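work.tsv follows (TSV, N, CA and C atoms and all ligand atoms):
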```tsv
chain	number	residue	atom	x	y	z
L	1	MET	N	18.72	11.57	15.05
L	1	MET	CA	18.69	11.84	13.63
L	1	MET	C	18.30	13.29	13.38
L	2	ILE	N	18.98	13.92	12.48
L	2	ILE	CA	18.67	15.30	12.12
L	2	ILE	C	17.44	15.30	11.23
L	3	GLU	N	16.51	16.22	11.53
L	3	GLU	CA	15.30	16.28	10.73
L	3	GLU	C	15.65	16.51	9.26
L	4	GLY	N	15.04	15.76	8.40
L	4	GLY	CA	15.33	15.88	6.98
L	4	GLY	C	16.28	14.81	6.49
L	5	ASP	N	16.98	14.14	7.42
L	5	ASP	CA	17.84	13.03	7.01
L	5	ASP	C	16.97	11.92	6.47
L	6	TRP	N	17.45	11.24	5.50
L	6	TRP	CA	16.70	10.12	4.95
L	6	TRP	C	17.59	8.90	4.95
L	7	ILE	N	17.15	7.88	5.62
L	7	ILE	CA	17.90	6.63	5.65
L	7	ILE	C	17.08	5.60	4.88
L	8	PRO	N	17.62	5.09	3.79
L	8	PRO	CA	16.83	4.14	3.00
L	8	PRO	C	16.54	2.87	3.77
L	9	THR	N	15.38	2.29	3.51
L	9	THR	CA	15.05	1.01	4.08
L	9	THR	C	15.77	-0.06	3.29
L	10	GLU	N	15.64	-1.31	3.74
L	10	GLU	CA	16.16	-2.38	2.92
L	10	GLU	C	15.38	-2.41	1.60
L	11	LYS	N	15.88	-3.15	0.64
L	11	LYS	CA	15.21	-3.22	-0.66
L	11	LYS	C	13.74	-3.62	-0.47
L	12	PRO	N	12.82	-2.92	-1.11
L	12	PRO	CA	11.40	-3.26	-0.93
L	12	PRO	C	11.11	-4.72	-1.31
L	13	LEU	N	10.32	-5.39	-0.48
L	13	LEU	CA	9.95	-6.78	-0.73
L	13	LEU	C	8.62	-6.87	-1.47
L	14	PHE	N	7.84	-5.80	-1.41
L	14	PHE	CA	6.54	-5.79	-2.08
L	14	PHE	C	6.08	-4.35	-2.23
L	15	MET	N	5.03	-4.19	-3.02
L	15	MET	CA	4.52	-2.84	-3.21
L	15	MET	C	3.07	-2.74	-2.76
L	16	VAL	N	2.69	-1.52	-2.51
L	16	VAL	CA	1.30	-1.20	-2.21
L	16	VAL	C	0.85	-0.28	-3.34
L	17	ARG	N	-0.12	-0.75	-4.10
L	17	ARG	CA	-0.56	0.01	-5.26
L	17	ARG	C	-1.78	0.85	-4.89
L	18	VAL	N	-1.65	2.16	-5.05
L	18	VAL	CA	-2.74	3.08	-4.71
L	18	VAL	C	-3.24	3.73	-6.00
L	19	CYS	N	-4.53	3.63	-6.23
L	19	CYS	CA	-5.12	4.30	-7.40
L	19	CYS	C	-5.14	5.81	-7.13
L	20	ILE	N	-4.53	6.57	-8.02
L	20	ILE	CA	-4.56	8.03	-7.86
L	20	ILE	C	-5.26	8.69	-9.05
L	21	ASN	N	-6.04	7.89	-9.76
L	21	ASN	CA	-6.75	8.43	-10.92
L	21	ASN	C	-7.71	9.53	-10.50
L	22	LYS	N	-7.66	10.62	-11.23
L	22	LYS	CA	-8.59	11.72	-10.98
L	22	LYS	C	-9.33	12.02	-12.27
L	23	ARG	N	-10.62	11.92	-12.22
L	23	ARG	CA	-11.44	12.12	-13.41
L	23	ARG	C	-11.58	13.59	-13.74
L	24	LEU	N	-11.81	13.85	-14.99
L	24	LEU	CA	-12.18	15.21	-15.39
L	24	LEU	C	-13.60	15.49	-14.93
L	25	ASN	N	-14.31	14.43	-14.66
L	25	ASN	CA	-15.66	14.46	-14.07
L	25	ASN	C	-16.73	15.01	-14.98
L	26	THR	N	-16.56	14.75	-16.24
L	26	THR	CA	-17.64	15.09	-17.16
L	26	THR	C	-18.82	14.15	-16.97
L	27	ASP	N	-18.55	12.97	-16.39
L	27	ASP	CA	-19.61	12.00	-16.17
L	27	ASP	C	-20.13	12.01	-14.72
L	28	ARG	N	-19.59	12.89	-13.90
L	28	ARG	CA	-20.04	13.07	-12.51
L	28	ARG	C	-19.89	11.80	-11.65
L	29	LEU	N	-18.93	10.97	-11.97
L	29	LEU	CA	-18.65	9.80	-11.15
L	29	LEU	C	-17.47	10.10	-10.24
L	30	PRO	N	-17.45	9.50	-9.05
L	30	PRO	CA	-16.32	9.75	-8.14
L	30	PRO	C	-15.06	9.06	-8.65
L	31	SER	N	-13.92	9.53	-8.19
L	31	SER	CA	-12.65	8.88	-8.51
L	31	SER	C	-11.79	8.88	-7.27
L	32	CYS	N	-10.83	7.97	-7.25
L	32	CYS	CA	-9.97	7.86	-6.07
L	32	CYS	C	-9.20	9.15	-5.84
L	33	GLY	N	-8.64	9.70	-6.94
L	33	GLY	CA	-7.89	10.95	-6.81
L	33	GLY	C	-8.77	12.08	-6.31
L	34	GLY	N	-10.01	12.07	-6.71
L	34	GLY	CA	-10.95	13.09	-6.27
L	34	GLY	C	-11.39	12.92	-4.83
L	35	ARG	N	-11.12	11.74	-4.26
L	35	ARG	CA	-11.48	11.46	-2.87
L	35	ARG	C	-10.26	11.42	-1.95
L	36	GLY	N	-9.15	11.94	-2.39
L	36	GLY	CA	-8.00	12.11	-1.50
L	36	GLY	C	-6.96	11.00	-1.55
L	37	SER	N	-6.96	10.18	-2.61
L	37	SER	CA	-6.02	9.07	-2.62
L	37	SER	C	-4.57	9.52	-2.78
L	38	ARG	N	-4.35	10.69	-3.36
L	38	ARG	CA	-2.95	11.15	-3.52
L	38	ARG	C	-2.36	11.50	-2.16
L	39	GLY	N	-3.15	12.14	-1.33
L	39	GLY	CA	-2.69	12.43	0.04
L	39	GLY	C	-2.55	11.15	0.84
L	40	LEU	N	-3.45	10.20	0.60
L	40	LEU	CA	-3.37	8.91	1.28
L	40	LEU	C	-2.06	8.20	0.92
L	41	ALA	N	-1.71	8.21	-0.37
L	41	ALA	CA	-0.46	7.57	-0.80
L	41	ALA	C	0.73	8.23	-0.11
L	42	ASP	N	0.72	9.55	-0.02
L	42	ASP	CA	1.82	10.26	0.65
L	42	ASP	C	1.89	9.89	2.12
L	43	ALA	N	0.72	9.82	2.78
L	43	ALA	CA	0.68	9.49	4.21
L	43	ALA	C	1.19	8.07	4.45
L	44	LEU	N	0.76	7.13	3.62
L	44	LEU	CA	1.23	5.74	3.78
L	44	LEU	C	2.74	5.65	3.54
L	45	GLU	N	3.22	6.39	2.58
L	45	GLU	CA	4.65	6.38	2.29
L	45	GLU	C	5.45	6.91	3.48
L	46	ARG	N	4.95	7.97	4.10
L	46	ARG	CA	5.65	8.52	5.28
L	46	ARG	C	5.68	7.49	6.41
L	47	LEU	N	4.55	6.81	6.65
L	47	LEU	CA	4.48	5.81	7.72
L	47	LEU	C	5.41	4.63	7.43
L	48	ILE	N	5.43	4.18	6.19
L	48	ILE	CA	6.29	3.06	5.79
L	48	ILE	C	7.76	3.42	6.01
L	49	LEU	N	8.13	4.63	5.62
L	49	LEU	CA	9.52	5.06	5.81
L	49	LEU	C	9.84	5.21	7.29
L	50	ALA	N	8.91	5.78	8.05
L	50	ALA	CA	9.15	5.98	9.47
L	50	ALA	C	9.34	4.66	10.21
L	51	GLU	N	8.60	3.65	9.79
L	51	GLU	CA	8.71	2.34	10.44
L	51	GLU	C	9.73	1.44	9.75
L	52	ARG	N	10.34	1.96	8.69
L	52	ARG	CA	11.36	1.21	7.93
L	52	ARG	C	10.83	-0.15	7.45
L	53	ILE	N	9.61	-0.13	6.97
L	53	ILE	CA	8.99	-1.34	6.42
L	53	ILE	C	9.48	-1.50	4.98
L	54	PRO	N	9.91	-2.70	4.58
L	54	PRO	CA	10.44	-2.87	3.22
L	54	PRO	C	9.32	-2.98	2.18
L	55	ALA	N	8.60	-1.90	2.01
L	55	ALA	CA	7.52	-1.85	1.03
L	55	ALA	C	7.64	-0.53	0.28
L	56	SER	N	7.09	-0.51	-0.92
L	56	SER	CA	7.08	0.74	-1.67
L	56	SER	C	5.64	1.07	-2.07
L	57	ILE	N	5.38	2.34	-2.19
L	57	ILE	CA	4.08	2.80	-2.66
L	57	ILE	C	4.17	3.04	-4.16
L	58	THR	N	3.25	2.45	-4.89
L	58	THR	CA	3.17	2.69	-6.33
L	58	THR	C	1.86	3.40	-6.61
L	59	ARG	N	1.97	4.56	-7.18
L	59	ARG	CA	0.77	5.32	-7.53
L	59	ARG	C	0.36	4.91	-8.93
L	60	GLY	N	-0.86	4.40	-9.06
L	60	GLY	CA	-1.24	3.81	-10.33
L	60	GLY	C	-2.54	4.33	-10.88
L	61	PRO	N	-2.89	3.82	-12.05
L	61	PRO	CA	-4.12	4.24	-12.72
L	61	PRO	C	-5.35	3.56	-12.13
L	62	CYS	N	-6.47	3.83	-12.73
L	62	CYS	CA	-7.77	3.33	-12.27
L	62	CYS	C	-7.75	1.81	-12.11
L	63	MET	N	-8.36	1.34	-11.03
L	63	MET	CA	-8.48	-0.09	-10.75
L	63	MET	C	-9.89	-0.58	-11.06
L	64	ASN	N	-10.66	0.25	-11.72
L	64	ASN	CA	-11.99	-0.11	-12.20
L	64	ASN	C	-12.97	-0.44	-11.07
L	65	ASN	N	-12.85	0.28	-9.99
L	65	ASN	CA	-13.78	0.12	-8.87
L	65	ASN	C	-14.05	1.49	-8.27
L	66	CYS	N	-14.23	2.45	-9.14
L	66	CYS	CA	-14.23	3.87	-8.78
L	66	CYS	C	-15.30	4.26	-7.76
L	67	LEU	N	-16.44	3.62	-7.80
L	67	LEU	CA	-17.54	4.02	-6.91
L	67	LEU	C	-17.23	3.72	-5.45
L	68	HIS	N	-16.24	2.88	-5.19
L	68	HIS	CA	-15.95	2.45	-3.82
L	68	HIS	C	-14.59	2.93	-3.32
L	69	GLY	N	-13.98	3.85	-4.03
L	69	GLY	CA	-12.62	4.28	-3.69
L	69	GLY	C	-12.54	5.23	-2.53
L	70	PRO	N	-11.34	5.62	-2.18
L	70	PRO	CA	-10.08	5.23	-2.79
L	70	PRO	C	-9.82	3.72	-2.65
L	71	ASN	N	-9.19	3.18	-3.67
L	71	ASN	CA	-8.87	1.76	-3.70
L	71	ASN	C	-7.36	1.56	-3.67
L	72	LEU	N	-6.94	0.52	-2.96
L	72	LEU	CA	-5.52	0.17	-2.95
L	72	LEU	C	-5.37	-1.32	-2.72
L	73	LYS	N	-4.21	-1.81	-3.15
L	73	LYS	CA	-3.94	-3.24	-3.04
L	73	LYS	C	-2.56	-3.43	-2.44
L	74	VAL	N	-2.51	-4.22	-1.37
L	74	VAL	CA	-1.22	-4.63	-0.82
L	74	VAL	C	-0.82	-5.88	-1.60
L	75	GLN	N	0.30	-5.81	-2.30
L	75	GLN	CA	0.71	-6.92	-3.17
L	75	GLN	C	0.77	-8.22	-2.39
L	76	GLY	N	0.07	-9.22	-2.86
L	76	GLY	CA	0.06	-10.52	-2.22
L	76	GLY	C	-0.85	-10.60	-1.00
L	77	ALA	N	-1.57	-9.52	-0.73
L	77	ALA	CA	-2.42	-9.52	0.47
L	77	ALA	C	-3.73	-8.77	0.18
L	78	ASP	N	-4.14	-7.94	1.11
L	78	ASP	CA	-5.48	-7.36	1.09
L	78	ASP	C	-5.70	-6.30	0.02
L	79	TYR	N	-6.97	-6.20	-0.39
L	79	TYR	CA	-7.45	-5.15	-1.28
L	79	TYR	C	-8.41	-4.30	-0.47
L	80	PHE	N	-8.24	-2.99	-0.53
L	80	PHE	CA	-9.08	-2.11	0.28
L	80	PHE	C	-9.94	-1.21	-0.61
L	81	ASN	N	-11.23	-1.15	-0.30
L	81	ASN	CA	-12.14	-0.14	-0.85
L	81	ASN	C	-12.48	0.76	0.34
L	82	LEU	N	-12.01	1.96	0.31
L	82	LEU	CA	-12.18	2.80	1.51
L	82	LEU	C	-13.50	3.55	1.55
L	83	GLU	N	-14.26	3.51	0.46
L	83	GLU	CA	-15.59	4.15	0.44
L	83	GLU	C	-15.53	5.60	0.93
L	84	GLY	N	-14.47	6.29	0.58
L	84	GLY	CA	-14.34	7.69	0.96
L	84	GLY	C	-13.88	7.91	2.39
L	85	ASP	N	-13.61	6.85	3.13
L	85	ASP	CA	-13.24	6.96	4.54
L	85	ASP	C	-11.71	6.95	4.69
L	86	LEU	N	-11.14	8.12	4.90
L	86	LEU	CA	-9.68	8.23	5.09
L	86	LEU	C	-9.34	8.51	6.55
L	87	SER	N	-10.15	7.97	7.45
L	87	SER	CA	-9.94	8.21	8.87
L	87	SER	C	-8.66	7.53	9.34
L	88	ASP	N	-8.20	7.95	10.51
L	88	ASP	CA	-6.99	7.34	11.10
L	88	ASP	C	-7.21	5.85	11.31
L	89	ALA	N	-8.43	5.45	11.65
L	89	ALA	CA	-8.71	4.02	11.90
L	89	ALA	C	-8.52	3.21	10.62
L	90	ARG	N	-8.97	3.74	9.48
L	90	ARG	CA	-8.80	3.01	8.21
L	90	ARG	C	-7.32	2.96	7.81
L	91	ILE	N	-6.62	4.07	8.03
L	91	ILE	CA	-5.19	4.10	7.69
L	91	ILE	C	-4.44	3.09	8.56
L	92	GLU	N	-4.81	3.00	9.82
L	92	GLU	CA	-4.16	2.02	10.70
L	92	GLU	C	-4.50	0.60	10.25
L	93	GLU	N	-5.71	0.39	9.78
L	93	GLU	CA	-6.11	-0.93	9.25
L	93	GLU	C	-5.22	-1.32	8.07
L	94	ILE	N	-4.95	-0.34	7.20
L	94	ILE	CA	-4.07	-0.60	6.05
L	94	ILE	C	-2.64	-0.89	6.55
L	95	MET	N	-2.18	-0.11	7.50
L	95	MET	CA	-0.82	-0.31	8.01
L	95	MET	C	-0.67	-1.68	8.67
L	96	ILE	N	-1.72	-2.15	9.33
L	96	ILE	CA	-1.67	-3.50	9.93
L	96	ILE	C	-1.46	-4.54	8.83
L	97	ALA	N	-2.18	-4.38	7.72
L	97	ALA	CA	-2.03	-5.32	6.60
L	97	ALA	C	-0.63	-5.22	6.00
L	98	ILE	N	-0.10	-4.02	5.89
L	98	ILE	CA	1.25	-3.84	5.33
L	98	ILE	C	2.30	-4.46	6.26
L	99	ARG	N	2.16	-4.23	7.56
L	99	ARG	CA	3.13	-4.82	8.52
L	99	ARG	C	3.07	-6.35	8.45
L	100	ALA	N	1.85	-6.89	8.39
L	100	ALA	CA	1.69	-8.35	8.35
L	100	ALA	C	2.33	-8.93	7.10
L	101	GLU	N	2.17	-8.25	5.97
L	101	GLU	CA	2.76	-8.73	4.72
L	101	GLU	C	4.29	-8.67	4.80
L	102	ALA	N	4.82	-7.63	5.42
L	102	ALA	CA	6.27	-7.52	5.57
L	102	ALA	C	6.80	-8.69	6.41
L	103	VAL	N	6.11	-9.01	7.49
L	103	VAL	CA	6.53	-10.13	8.35
L	103	VAL	C	6.46	-11.43	7.56
L	104	ARG	N	5.35	-11.63	6.84
L	104	ARG	CA	5.19	-12.86	6.06
L	104	ARG	C	6.32	-13.01	5.04
L	105	ARG	N	6.65	-11.94	4.36
L	105	ARG	CA	7.69	-12.03	3.33
L	105	ARG	C	9.08	-12.20	3.92
L	106	ARG	N	9.32	-11.56	5.05
L	106	ARG	CA	10.63	-11.76	5.70
L	106	ARG	C	10.77	-13.21	6.14
L	107	ASN	N	9.68	-13.77	6.66
L	107	ASN	CA	9.71	-15.18	7.10
L	107	ASN	C	9.93	-16.11	5.91
L	108	LEU	N	9.32	-15.79	4.78
L	108	LEU	CA	9.51	-16.61	3.58
L	108	LEU	C	10.96	-16.59	3.14
L	109	ARG	N	11.58	-15.41	3.27
L	109	ARG	CA	12.97	-15.25	2.84
L	109	ARG	C	13.92	-16.10	3.67
L	110	THR	N	13.57	-16.29	4.94
L	110	THR	CA	14.48	-17.01	5.82
L	110	THR	C	14.02	-18.44	6.06
L	111	ALA	N	12.90	-18.83	5.47
L	111	ALA	CA	12.38	-20.19	5.68
L	111	ALA	C	13.28	-21.20	4.96
L	112	PRO	N	13.42	-22.38	5.56
L	112	PRO	CA	14.22	-23.42	4.89
L	112	PRO	C	13.50	-23.91	3.63
L	113	VAL	N	14.28	-24.22	2.61
L	113	VAL	CA	13.70	-24.75	1.37
L	113	VAL	C	14.22	-26.16	1.12
L	114	ASN	N	13.40	-26.97	0.49
L	114	ASN	CA	13.83	-28.34	0.18
L	114	ASN	C	14.63	-28.35	-1.14
L	115	ASP	N	14.99	-29.52	-1.59
L	115	ASP	CA	15.82	-29.64	-2.80
L	115	ASP	C	15.12	-29.13	-4.06
L	116	ASP	N	13.77	-29.12	-4.01
L	116	ASP	CA	13.02	-28.63	-5.17
L	116	ASP	C	12.84	-27.11	-5.13
L	117	GLY	N	13.31	-26.47	-4.08
L	117	GLY	CA	13.17	-25.02	-3.97
L	117	GLY	C	11.89	-24.59	-3.29
L	118	ALA	N	11.08	-25.56	-2.84
L	118	ALA	CA	9.82	-25.23	-2.15
L	118	ALA	C	10.09	-24.96	-0.67
L	119	VAL	N	9.30	-24.02	-0.12
L	119	VAL	CA	9.44	-23.71	1.30
L	119	VAL	C	8.93	-24.87	2.13
L	120	GLU	N	9.75	-25.29	3.11
L	120	GLU	CA	9.33	-26.40	3.97
L	120	GLU	C	8.44	-25.88	5.08
L	121	PRO	N	7.45	-26.67	5.46
L	121	PRO	CA	6.53	-26.23	6.52
L	121	PRO	C	7.23	-26.13	7.88
L	201	LIG	S1	-10.53	5.99	-10.02
L	201	LIG	FE1	-9.69	4.57	-8.61
L	201	LIG	S2	-10.58	2.72	-9.18
L	201	LIG	FE2	-11.21	4.09	-10.72
```

Would you write out, as structure tokens, the structure that this file holds?
Ligand code: FES
Amino acid sequence: MIEGDWIPTEKPLFMVRVCINKRLNTDRLPSCGGRGSRGLADALERLILAERIPASITRGPCMNNCLHGPNLKVQGADYFNLEGDLSDARIEEIMIAIRAEAVRRRNLRTAPVNDDGAVEP
């Protein structure tokens, strides 16, 4: 692949919502945007694209848990309070949750359903 080429993944099956709120800080409280969540969202997006995981990153407003941010939610799965820790280990922890959710959703898509439309065990 030529560097710079972009090959779209399959249609996203779920989203990862990252709070990128940045306070004006008149109240001296921390915010996710002030603790690096915008760079975190970009890094997760690059990893998702590189691994061709059918997920999308949604950059969103405050999740009302500012003291423990950056905060993010894997749709249908884990909620993360990173407490200012953007280490590679925490990012890998998030990626493990994203990969697991992708597998779960792919399996749901291919699981047999009964006459009522419910997934059979
Ligand atoms: S600034 Fe992210 S939860 Fe409030």

Review point. Would you give me, as a PyMOL selection string, the residues in chain L that DSSP reads as helix (DSSP H, G or I)?
Key: chain L and resi 33-35+37-50+66-68+88-110

**Study point:** Distance filter 12 Å around ligand LIG 201 (chain L), atoms: only C-alpha atoms and all ligand atoms, out as an MDAnalysis selection string
**Key:** chainID L and resid 17:25 29:38 59:73 79:84

Check your understanding: Please, what distance in Å, to one decimal, runs between atom N of L:Asn107 and atom CA of L:Pro54?
Key -> 11.5 Å

Point to revise | Expected answer as a ChimeraX atom specification: all residues with atoms within 10 Å of (-4.7, -0.3, 5.4), only C-alpha atoms | key: /L:16,44,72-74,78-82,86,88-99

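Taking only C-alpha atoms into account, L:Arg104 lies nearest to L:Leu13 out of the set L:Ala118, L:Ala41, L:Leu13, L:Ala50.
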
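Coordinates place atom C of L:Gln75 at a distance of 8.0 Å from atom C of L:Glu101.
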
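Minimum distance to L:Ile53 across L:Glu10, L:Gly39, L:Ala77, L:Met15 (counting all atoms listed in the file) occurs at L:Glu10.
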
Exercise for review: Mind the document's chain letters and residue numbers, and return as a VMD selection string the residues of chain L that DSSP labels strand (DSSP E or B).
Suggested key: chain L and resid 14 to 19 55 to 60 71 to 74 79 to 81 113 119

Practice item. Enter the distance from atom CA of L:Phe14 to atom N of L:Ala102, in Å, rounded to one decimal. Key: 7.9 Å
